[in-house]
Structures are given as C-alpha cells and as structure tokens.
file model.pdb (PDB, C-alpha atoms)
ATOM      1  CA  SER A  99       5.982   2.643  25.895
ATOM      2  CA  GLY A 100       8.288   3.912  23.155
ATOM      3  CA  PRO A 101      10.299   7.092  22.680
ATOM      4  CA  ASN A 102       9.487  10.254  24.608
ATOM      5  CA  PRO A 103       8.003  12.805  22.138
ATOM      6  CA  GLU A 104       9.445  15.824  23.960
ATOM      7  CA  SER A 105      12.957  14.354  23.954
ATOM      8  CA  VAL A 106      12.739  13.405  20.283
ATOM      9  CA  ALA A 107      11.504  16.896  19.394
ATOM     10  CA  ALA A 108      14.345  18.463  21.407
ATOM     11  CA  VAL A 109      17.036  16.322  19.766
ATOM     12  CA  SER A 110      15.604  16.849  16.277
ATOM     13  CA  THR A 111      15.418  20.615  16.795
ATOM     14  CA  ALA A 112      18.959  20.712  18.184
ATOM     15  CA  LEU A 113      20.229  18.843  15.114
ATOM     16  CA  ALA A 114      18.325  21.186  12.782
ATOM     17  CA  ARG A 115      19.826  24.230  14.521
ATOM     18  CA  GLN A 116      23.324  22.734  14.578
ATOM     19  CA  TYR A 117      23.344  21.893  10.856
ATOM     20  CA  PRO A 118      21.188  24.500   9.063
ATOM     21  CA  GLY A 119      21.220  24.052   5.310
ATOM     22  CA  THR A 120      23.129  20.776   5.661
ATOM     23  CA  LEU A 121      20.625  18.571   7.475
ATOM     24  CA  LEU A 122      17.718  18.308   5.060
ATOM     25  CA  ALA A 123      15.734  15.370   6.432
ATOM     26  CA  ILE A 124      15.360  13.219   9.526
ATOM     27  CA  GLU A 125      13.887   9.719   9.372
ATOM     28  CA  LEU A 126      12.196   9.261  12.734
ATOM     29  CA  PHE A 127      12.618   5.780  14.174
ATOM     30  CA  PRO A 128      13.120   3.554  11.133
ATOM     31  CA  ALA A 129      11.179   0.304  11.439
ATOM     32  CA  ALA A 130       8.720   1.928  13.844
ATOM     33  CA  ASN A 131       6.335  -0.925  13.069
ATOM     34  CA  THR A 132       8.704  -3.314  14.855
ATOM     35  CA  THR A 133       9.551  -3.685  18.517
ATOM     36  CA  GLN A 134      13.237  -3.227  17.717
ATOM     37  CA  GLY A 135      12.641  -0.003  15.776
ATOM     38  CA  TRP A 136      10.183   1.534  18.249
ATOM     39  CA  GLY A 137      11.795   0.233  21.435
ATOM     40  CA  ALA A 138       8.452  -1.145  22.635
ATOM     41  CA  PRO A 139       5.458  -2.809  20.990
ATOM     42  CA  PRO A 140       4.612  -0.638  17.955
ATOM     43  CA  ASP A 141       1.902   1.969  18.528
ATOM     44  CA  PRO A 142       0.723   3.968  15.486
ATOM     45  CA  ALA A 143      -1.151   6.520  17.631
ATOM     46  CA  ALA A 144       1.937   7.179  19.782
ATOM     47  CA  TYR A 145       4.060   7.480  16.646
ATOM     48  CA  ALA A 146       1.559   9.989  15.198
ATOM     49  CA  ARG A 147       1.836  12.072  18.393
ATOM     50  CA  LEU A 148       5.632  11.901  18.180
ATOM     51  CA  LEU A 149       5.527  13.105  14.573
ATOM     52  CA  GLN A 150       3.183  15.946  15.455
ATOM     53  CA  SER A 151       5.266  17.223  18.366
ATOM     54  CA  THR A 152       8.544  16.894  16.459
ATOM     55  CA  ARG A 153       7.190  18.651  13.384
ATOM     56  CA  ALA A 154       5.775  21.482  15.517
ATOM     57  CA  ALA A 155       9.110  21.905  17.305
ATOM     58  CA  ILE A 156      11.077  21.986  14.051
ATOM     59  CA  GLN A 157       8.661  24.511  12.541
ATOM     60  CA  SER A 158       8.849  26.731  15.624
ATOM     61  CA  ALA A 159      12.641  26.681  15.263
ATOM     62  CA  GLN A 160      12.070  28.003  11.716
ATOM     63  CA  SER A 161      13.830  25.036  10.202
ATOM     64  CA  ASP A 162      12.920  23.504   6.866
ATOM     65  CA  VAL A 163      14.097  20.011   7.806
ATOM     66  CA  THR A 164      11.720  17.418   6.356
ATOM     67  CA  LEU A 165      10.507  14.653   8.634
ATOM     68  CA  ILE A 166      10.563  11.234   7.043
ATOM     69  CA  ALA A 167       7.908   9.076   8.664
ATOM     70  CA  ALA A 168       7.861   5.455   9.710
ATOM     71  CA  GLY A 169      10.669   3.632   7.904
ATOM     72  CA  LEU A 170       8.105   0.902   7.384
ATOM     73  CA  THR A 171       9.653  -2.558   7.279
ATOM     74  CA  PRO A 172       7.799  -5.594   5.947
ATOM     75  CA  LEU A 173       7.765  -8.408   8.468
ATOM     76  CA  SER A 174       9.779 -11.542   7.820
ATOM     77  CA  SER A 175       8.129 -14.926   7.459
ATOM     78  CA  ASN A 176       8.930 -15.478  11.162
ATOM     79  CA  PRO A 177       8.050 -12.112  12.722
ATOM     80  CA  VAL A 178       9.087 -11.186  16.235
ATOM     81  CA  PRO A 179       6.099 -11.370  18.595
ATOM     82  CA  GLY A 180       4.636  -7.886  18.957
ATOM     83  CA  ASP A 181       5.832  -6.589  15.586
ATOM     84  CA  MET A 182       3.113  -5.025  13.444
ATOM     85  CA  ASP A 183       2.475  -5.476   9.737
ATOM     86  CA  ASP A 184       3.765  -2.395   7.914
ATOM     87  CA  LEU A 185       0.516  -1.827   6.014
ATOM     88  CA  ALA A 186      -1.566  -2.060   9.193
ATOM     89  CA  PHE A 187       0.838   0.302  10.964
ATOM     90  CA  LEU A 188       0.540   2.879   8.180
ATOM     91  CA  ALA A 189      -3.261   2.624   8.222
ATOM     92  CA  GLY A 190      -3.105   3.132  11.998
ATOM     93  CA  LEU A 191      -1.007   6.282  11.494
ATOM     94  CA  TYR A 192      -3.652   7.702   9.191
ATOM     95  CA  GLU A 193      -6.459   6.727  11.549
ATOM     96  CA  ALA A 194      -4.598   8.522  14.365
ATOM     97  CA  GLY A 195      -4.582  11.729  12.300
ATOM     98  CA  GLY A 196      -0.964  11.605  11.157
ATOM     99  CA  ARG A 197      -1.453  12.546   7.507
ATOM    100  CA  GLU A 198      -0.611  16.248   7.868
ATOM    101  CA  ASP A 199       2.618  15.428   9.698
ATOM    102  CA  MET A 200       3.858  12.944   7.081
ATOM    103  CA  PRO A 201       4.947  14.772   3.921
ATOM    104  CA  VAL A 202       7.238  11.804   3.224
ATOM    105  CA  ILE A 203       6.709   8.186   4.240
ATOM    106  CA  SER A 204       9.634   5.815   4.058
ATOM    107  CA  ILE A 205       9.932   2.109   3.576
ATOM    108  CA  ARG A 206      12.956  -0.103   4.187
ATOM    109  CA  LEU A 207      13.337  -3.321   2.250
ATOM    110  CA  PRO A 208      16.249  -5.167   3.873
ATOM    111  CA  ALA A 209      15.512  -8.685   2.634
ATOM    112  CA  LEU A 210      14.167  -8.617  -0.908
ATOM    113  CA  SER A 211      13.498 -11.602  -3.095
ATOM    114  CA  GLY A 212      13.229 -12.145  -6.821
ATOM    115  CA  ASP A 213      13.218 -10.026  -9.919
ATOM    116  CA  PRO A 214      12.756  -6.276  -9.330
ATOM    117  CA  LEU A 215       9.812  -6.204 -11.733
ATOM    118  CA  ALA A 216       7.996  -9.160 -10.125
ATOM    119  CA  SER A 217       4.591  -8.463  -8.633
ATOM    120  CA  PRO A 218       4.255  -9.265  -4.937
ATOM    121  CA  THR A 219       1.789 -11.947  -3.941
ATOM    122  CA  ALA A 220       0.160 -12.550  -0.582
ATOM    123  CA  GLY A 221       2.347 -14.572   1.739
ATOM    124  CA  SER A 222       5.430 -14.170  -0.424
ATOM    125  CA  PRO A 223       8.752 -12.727   0.713
ATOM    126  CA  PRO A 224       9.077  -8.982   0.159
ATOM    127  CA  TYR A 225       9.552  -7.887  -3.402
ATOM    128  CA  LEU A 226      10.801  -4.469  -4.451
ATOM    129  CA  ARG A 227       7.326  -3.599  -5.708
ATOM    130  CA  HIS A 228       5.974  -3.826  -2.148
ATOM    131  CA  PHE A 229       6.111  -0.027  -2.314
ATOM    132  CA  GLU A 230       2.970  -0.207  -4.486
ATOM    133  CA  ALA A 231       0.975  -1.589  -1.532
ATOM    134  CA  ILE A 232       2.258   1.278   0.645
ATOM    135  CA  ARG A 233       1.200   3.776  -2.032
ATOM    136  CA  GLN A 234      -2.251   2.222  -2.194
ATOM    137  CA  ILE A 235      -2.712   2.776   1.566
ATOM    138  CA  MET A 236      -1.616   6.387   1.056
ATOM    139  CA  LEU A 237      -4.226   6.830  -1.671
ATOM    140  CA  ASN A 238      -6.917   5.094   0.393
ATOM    141  CA  TYR A 239      -6.414   7.776   3.056
ATOM    142  CA  GLY A 240      -6.391  10.696   0.604
ATOM    143  CA  HIS A 241      -2.643  11.294   0.775
ATOM    144  CA  GLU A 242      -2.126  11.759  -2.971
ATOM    145  CA  GLN A 243       0.408  14.574  -2.474
ATOM    146  CA  GLY A 244       2.561  12.543  -0.076
ATOM    147  CA  LEU A 245       5.888  11.216  -1.247
ATOM    148  CA  LEU A 246       7.324   7.786  -0.638
ATOM    149  CA  TRP A 247      11.047   7.218  -0.084
ATOM    150  CA  ILE A 248      12.752   3.862  -0.089
ATOM    151  CA  SER A 249      15.295   4.611   2.607
ATOM    152  CA  GLY A 250      17.116   1.313   2.312
ATOM    153  CA  PHE A 251      17.179  -1.670  -0.040
ATOM    154  CA  ALA A 252      19.625  -4.185  -1.469
ATOM    155  CA  TRP A 253      19.565  -6.782  -4.183
ATOM    156  CA  PRO A 254      18.280 -10.203  -3.152
ATOM    157  CA  SER A 255      20.803 -12.624  -1.703
ATOM    158  CA  GLU A 256      20.204 -15.096  -4.543
ATOM    159  CA  TYR A 257      21.977 -12.639  -6.881
ATOM    160  CA  SER A 258      25.608 -13.541  -6.175
ATOM    161  CA  ASP A 259      27.106 -12.910  -9.615
ATOM    162  CA  ALA A 260      28.372  -9.327 -10.100
ATOM    163  CA  GLN A 261      26.726  -8.962 -13.524
ATOM    164  CA  ALA A 262      23.377 -10.272 -12.216
ATOM    165  CA  GLN A 263      23.586  -7.805  -9.319
ATOM    166  CA  ALA A 264      24.322  -4.927 -11.693
ATOM    167  CA  ASP A 265      21.462  -5.924 -14.001
ATOM    168  CA  TRP A 266      19.082  -6.215 -11.044
ATOM    169  CA  LEU A 267      20.071  -2.766  -9.782
ATOM    170  CA  VAL A 268      19.627  -1.122 -13.191
ATOM    171  CA  GLN A 269      16.168  -2.681 -13.552
ATOM    172  CA  ALA A 270      15.259  -1.615 -10.020
ATOM    173  CA  TYR A 271      16.215   2.021 -10.544
ATOM    174  CA  GLU A 272      14.479   2.147 -13.926
ATOM    175  CA  LEU A 273      11.305   0.880 -12.234
ATOM    176  CA  LEU A 274      11.618   3.348  -9.352
ATOM    177  CA  GLN A 275      12.421   6.310 -11.597
ATOM    178  CA  ALA A 276       9.141   5.792 -13.456
ATOM    179  CA  ARG A 277       7.084   6.361 -10.276
ATOM    180  CA  LEU A 278       6.534  10.090  -9.754
ATOM    181  CA  TYR A 279       5.454   9.593  -6.133
ATOM    182  CA  LEU A 280       8.869   8.133  -5.238
ATOM    183  CA  GLY A 281      11.087  10.959  -4.054
ATOM    184  CA  ALA A 282      14.262   8.975  -3.344
ATOM    185  CA  ALA A 283      15.571   5.433  -3.176
ATOM    186  CA  PHE A 284      18.736   4.646  -1.249
ATOM    187  CA  PHE A 285      20.616   1.457  -2.164
TER     188      PHE A 285
END

call {"tool": "encode", "arguments": {"input": "model.pdb", "output": "structure tokens"}}
result
Amino acid sequence: SGPNPESVAAVSTALARQYPGTLLAIELFPAANTTQGWGAPPDPAAYARLLQSTRAAIQSAQSDVTLIAAGLTPLSSNPVPGDMDDLAFLAGLYEAGGREDMPVISIRLPALSGDPLASPTAGSPPYLRHFEAIRQIMLNYGHEQGLLWISGFAWPSEYSDAQAQADWLVQAYELLQARLYLGAAFF
C-alpha cells in the first residue's frame, strides 16, 4: 500500500535533527506517480497524507527543512501497468488537500527529447518544457505561490556531440532562469 507515513516522518525528522543547518530539503519519494517510486500502485491521497504527517513532524521538531513533493515523472511511451500520469497524480494530490503541505513540487525528466525550447505536444516524448503543464495544474488549483523544482534532467540522447550538448544545456538553463516559479533545476 506504499510507505508508512509514521516511519517516513520519523526518518525525516531524525535526518533533520542529525544535520541541522546542513540538510535544507528532502524530496519525498521521487517518482511517486510510478509503482517503482511509490513501492505500490501510486495513490495521490496516501501521498498527501504522508506529506501532511511528515511536514507536521518536521515542524514539531522545530526544523526548517523544506519538503519537496512528488518528484513527478512523465510516463514513457510504454508505461508500466499501474503507473499514473504525472499530471493526473498532481491533480489528485490537490484534490486530496495536499496544497498546504507542498511548498515545492518537483519534477524529474530522465528521458528528454528535442530542442530545449520546443513546445510539448500531446503524445510526444517528454520535452523540457513539460514543466509548463505542471505549472498550469498548480495554477488551476490556486497554488500560485508554490515553487517548482526540476530535481533531475539530462540532455536528450540524440545530442552526442560535446558542443551540441553544451549548447543544449546553455539554452535549457536560459529558459529555466526566465521562469520565476522555478526555484532550482538540477542537471
């Protein structure tokens, strides 16, 4: 049924106490919208409860560690049975009342395709600008003050030349830097 909220809260609080001032953020269960990331079929309501209990435990420990929610991962063209679309999972988190426990939402983009400035289209492989669809869900649920982190991305595999990779990365970071709602992007 997924991770035990009490155990996750206990481990997160122990880490926050062990590394005060050093540990600044914890990304809870990256790829929670996948069976592999959640350890069971994804469940937005259960994830929202896990966030709530972990955040409460960290606050009661008087820690300022920021919880990074979801680690949303777009599904591949051949998704694993039981995995959940990242946009649907995020909407489910909001519908389960998770907004107040998600100051930062993260997305992981492990298998990008194409130019960093290219607009995503329905049914296409994930593009870097997939973060715009995540932001739109955030806005649809009144989460204007929430931040979005890209907690993992890499240049597309079709960029094998070192100069093309460098150019792609520069363009990507210029694009990301222009979005004020993006708090961090980890390559």

call {"tool": "residues_near_point", "arguments": {"input": "model.pdb", "point": "(10.0, 3.4, 15.1)", "cutoff": "10 Å", "atoms": "all atoms listed in the file", "output": "VMD selection string"}}
result
chain A and resid 100 to 101 125 to 142 145 167 to 171

call {"tool": "atom_distance", "arguments": {"input": "model.pdb", "atom1": "atom CA of A:Ala107", "atom2": "atom CA of A:Leu207"}}
result
26.6 Å

call {"tool": "atom_distance", "arguments": {"input": "model.pdb", "atom1": "atom CA of A:Asp213", "atom2": "atom CA of A:Arg233"}}
result
19.9 Å

call {"tool": "closest_residue", "arguments": {"input": "model.pdb", "among": "A:Ser211, A:Leu149, A:Ile166, A:Gln157", "to": "A:Leu191", "atoms": "only C-alpha atoms"}}
result
A:Leu149

call {"tool": "closest_residue", "arguments": {"input": "model.pdb", "among": "A:Arg197, A:Phe187, A:Ala252, A:Gln261", "to": "A:Ile232", "atoms": "all atoms listed in the file"}}
result
A:Phe187

call {"tool": "closest_residue", "arguments": {"input": "model.pdb", "among": "A:Trp266, A:Ser161, A:Ala186, A:Leu246", "to": "A:Ala114", "atoms": "only C-alpha atoms"}}
result
A:Ser161

call {"tool": "resolve_selection", "arguments": {"input": "model.pdb", "expression": "the PyMOL selection byres ((chain A and resi 228) around 10)", "output": "list of chain:residue names"}}
result
A:Pro172, A:Ile205, A:Leu207, A:Leu210, A:Ala216, A:Ser217, A:Pro218, A:Thr219, A:Pro223, A:Pro224, A:Tyr225, A:Leu226, A:Arg227, A:Phe229, A:Glu230, A:Ala231, A:Ile232, A:Arg233

call {"tool": "write_last_selection", "arguments": {"input": "model.pdb", "atoms": "C-alpha atoms", "output": "PDB file, in the frame of the given file"}}
result
ATOM      1  CA  PRO A 172       7.799  -5.594   5.947  1.00  0.00           C
ATOM      2  CA  ILE A 205       9.932   2.109   3.576  1.00  0.00           C
ATOM      3  CA  LEU A 207      13.337  -3.321   2.250  1.00  0.00           C
ATOM      4  CA  LEU A 210      14.167  -8.617  -0.908  1.00  0.00           C
ATOM      5  CA  ALA A 216       7.996  -9.160 -10.125  1.00  0.00           C
ATOM      6  CA  SER A 217       4.591  -8.463  -8.633  1.00  0.00           C
ATOM      7  CA  PRO A 218       4.255  -9.265  -4.937  1.00  0.00           C
ATOM      8  CA  THR A 219       1.789 -11.947  -3.941  1.00  0.00           C
ATOM      9  CA  PRO A 223       8.752 -12.727   0.713  1.00  0.00           C
ATOM     10  CA  PRO A 224       9.077  -8.982   0.159  1.00  0.00           C
ATOM     11  CA  TYR A 225       9.552  -7.887  -3.402  1.00  0.00           C
ATOM     12  CA  LEU A 226      10.801  -4.469  -4.451  1.00  0.00           C
ATOM     13  CA  ARG A 227       7.326  -3.599  -5.708  1.00  0.00           C
ATOM     14  CA  PHE A 229       6.111  -0.027  -2.314  1.00  0.00           C
ATOM     15  CA  GLU A 230       2.970  -0.207  -4.486  1.00  0.00           C
ATOM     16  CA  ALA A 231       0.975  -1.589  -1.532  1.00  0.00           C
ATOM     17  CA  ILE A 232       2.258   1.278   0.645  1.00  0.00           C
ATOM     18  CA  ARG A 233       1.200   3.776  -2.032  1.00  0.00           C
TER      19      ARG A 233
END

call {"tool": "closest_residue", "arguments": {"input": "model.pdb", "among": "A:Ser204, A:Val268, A:Asp259, A:Ser249", "to": "A:Ala283", "atoms": "all atoms listed in the file"}}
result
A:Ser249

call {"tool": "atom_distance", "arguments": {"input": "model.pdb", "atom1": "atom CA of A:Ala155", "atom2": "atom CA of A:Glu104"}}
result
9.0 Å

call {"tool": "closest_residue", "arguments": {"input": "model.pdb", "among": "A:Leu188, A:Leu148, A:Ile124, A:Pro118", "to": "A:Pro103", "atoms": "all atoms listed in the file"}}
result
A:Leu148

call {"tool": "residues_around", "arguments": {"input": "model.pdb", "residues": "A:Arg153", "least_positions_apart": "3", "cutoff": "10 Å", "atoms": "all atoms listed in the file", "output": "list in words"}}
result
Ala107, Ser110, Thr111, Arg147, Leu148, Leu149, Gln150, Ile156, Gln157, Ser158, Ala159, Ser161, Asp162, Val163, Thr164, Leu165, Glu198, Asp199 and Met200 of chain A

call {"tool": "resolve_selection", "arguments": {"input": "model.pdb", "expression": "the PyMOL selection byres ((chain A and resi 239) around 9)", "output": "list in words"}}
result
Ala189, Tyr192, Glu193, Arg197, Gln234, Ile235, Met236, Leu237, Asn238, Gly240, His241 and Glu242 of chain A

call {"tool": "axis_aligned_box", "arguments": {"input": "model.pdb", "around": "stretch 246-262 of chain A", "padding_each_side": "3 Å", "output": "lines of an AutoDock Vina configuration file"}}
result
center_x = 17.8
center_y = -3.7
center_z = -5.5
size_x = 27.0
size_y = 28.9
size_z = 22.1

call {"tool": "closest_residue", "arguments": {"input": "model.pdb", "among": "A:Trp247, A:Ser99, A:Ser174, A:Ser151", "to": "A:Gln275", "atoms": "all atoms listed in the file"}}
result
A:Trp247

call {"tool": "build_atoms", "arguments": {"input": "model.pdb", "residues": "stretch 184-195 of chain A", "atoms": "N, CA, C and O atoms", "output": "CSV table (one decimal), in the frame of the given file"}}
result
chain,number,residue,atom,x,y,z
A,184,ASP,N,3.5,-3.8,8.3
A,184,ASP,CA,3.8,-2.4,7.9
A,184,ASP,C,2.5,-1.7,7.3
A,184,ASP,O,2.3,-0.5,7.6
A,185,LEU,N,1.7,-2.4,6.6
A,185,LEU,CA,0.5,-1.8,6.0
A,185,LEU,C,-0.5,-1.5,7.1
A,185,LEU,O,-1.1,-0.4,7.0
A,186,ALA,N,-0.7,-2.3,8.1
A,186,ALA,CA,-1.6,-2.1,9.2
A,186,ALA,C,-1.1,-0.9,10.0
A,186,ALA,O,-1.8,0.0,10.5
A,187,PHE,N,0.3,-0.8,10.2
A,187,PHE,CA,0.8,0.3,11.0
A,187,PHE,C,0.6,1.6,10.2
A,187,PHE,O,0.2,2.6,10.9
A,188,LEU,N,0.8,1.7,8.9
A,188,LEU,CA,0.5,2.9,8.2
A,188,LEU,C,-0.9,3.3,8.2
A,188,LEU,O,-1.3,4.5,8.4
A,189,ALA,N,-1.8,2.3,8.1
A,189,ALA,CA,-3.3,2.6,8.2
A,189,ALA,C,-3.6,3.2,9.6
A,189,ALA,O,-4.3,4.2,9.8
A,190,GLY,N,-2.9,2.6,10.6
A,190,GLY,CA,-3.1,3.1,12.0
A,190,GLY,C,-2.6,4.6,12.2
A,190,GLY,O,-3.2,5.4,12.9
A,191,LEU,N,-1.5,4.9,11.5
A,191,LEU,CA,-1.0,6.3,11.5
A,191,LEU,C,-2.0,7.2,10.9
A,191,LEU,O,-2.3,8.3,11.5
A,192,TYR,N,-2.6,6.8,9.8
A,192,TYR,CA,-3.7,7.7,9.2
A,192,TYR,C,-4.9,7.8,10.1
A,192,TYR,O,-5.4,8.9,10.3
A,193,GLU,N,-5.3,6.7,10.7
A,193,GLU,CA,-6.5,6.7,11.5
A,193,GLU,C,-6.2,7.6,12.8
A,193,GLU,O,-7.2,8.1,13.4
A,194,ALA,N,-5.0,7.7,13.2
A,194,ALA,CA,-4.6,8.5,14.4
A,194,ALA,C,-4.4,10.0,14.0
A,194,ALA,O,-4.0,10.8,14.8
A,195,GLY,N,-4.7,10.3,12.7
A,195,GLY,CA,-4.6,11.7,12.3
A,195,GLY,C,-3.2,12.2,11.9
A,195,GLY,O,-2.9,13.4,11.9
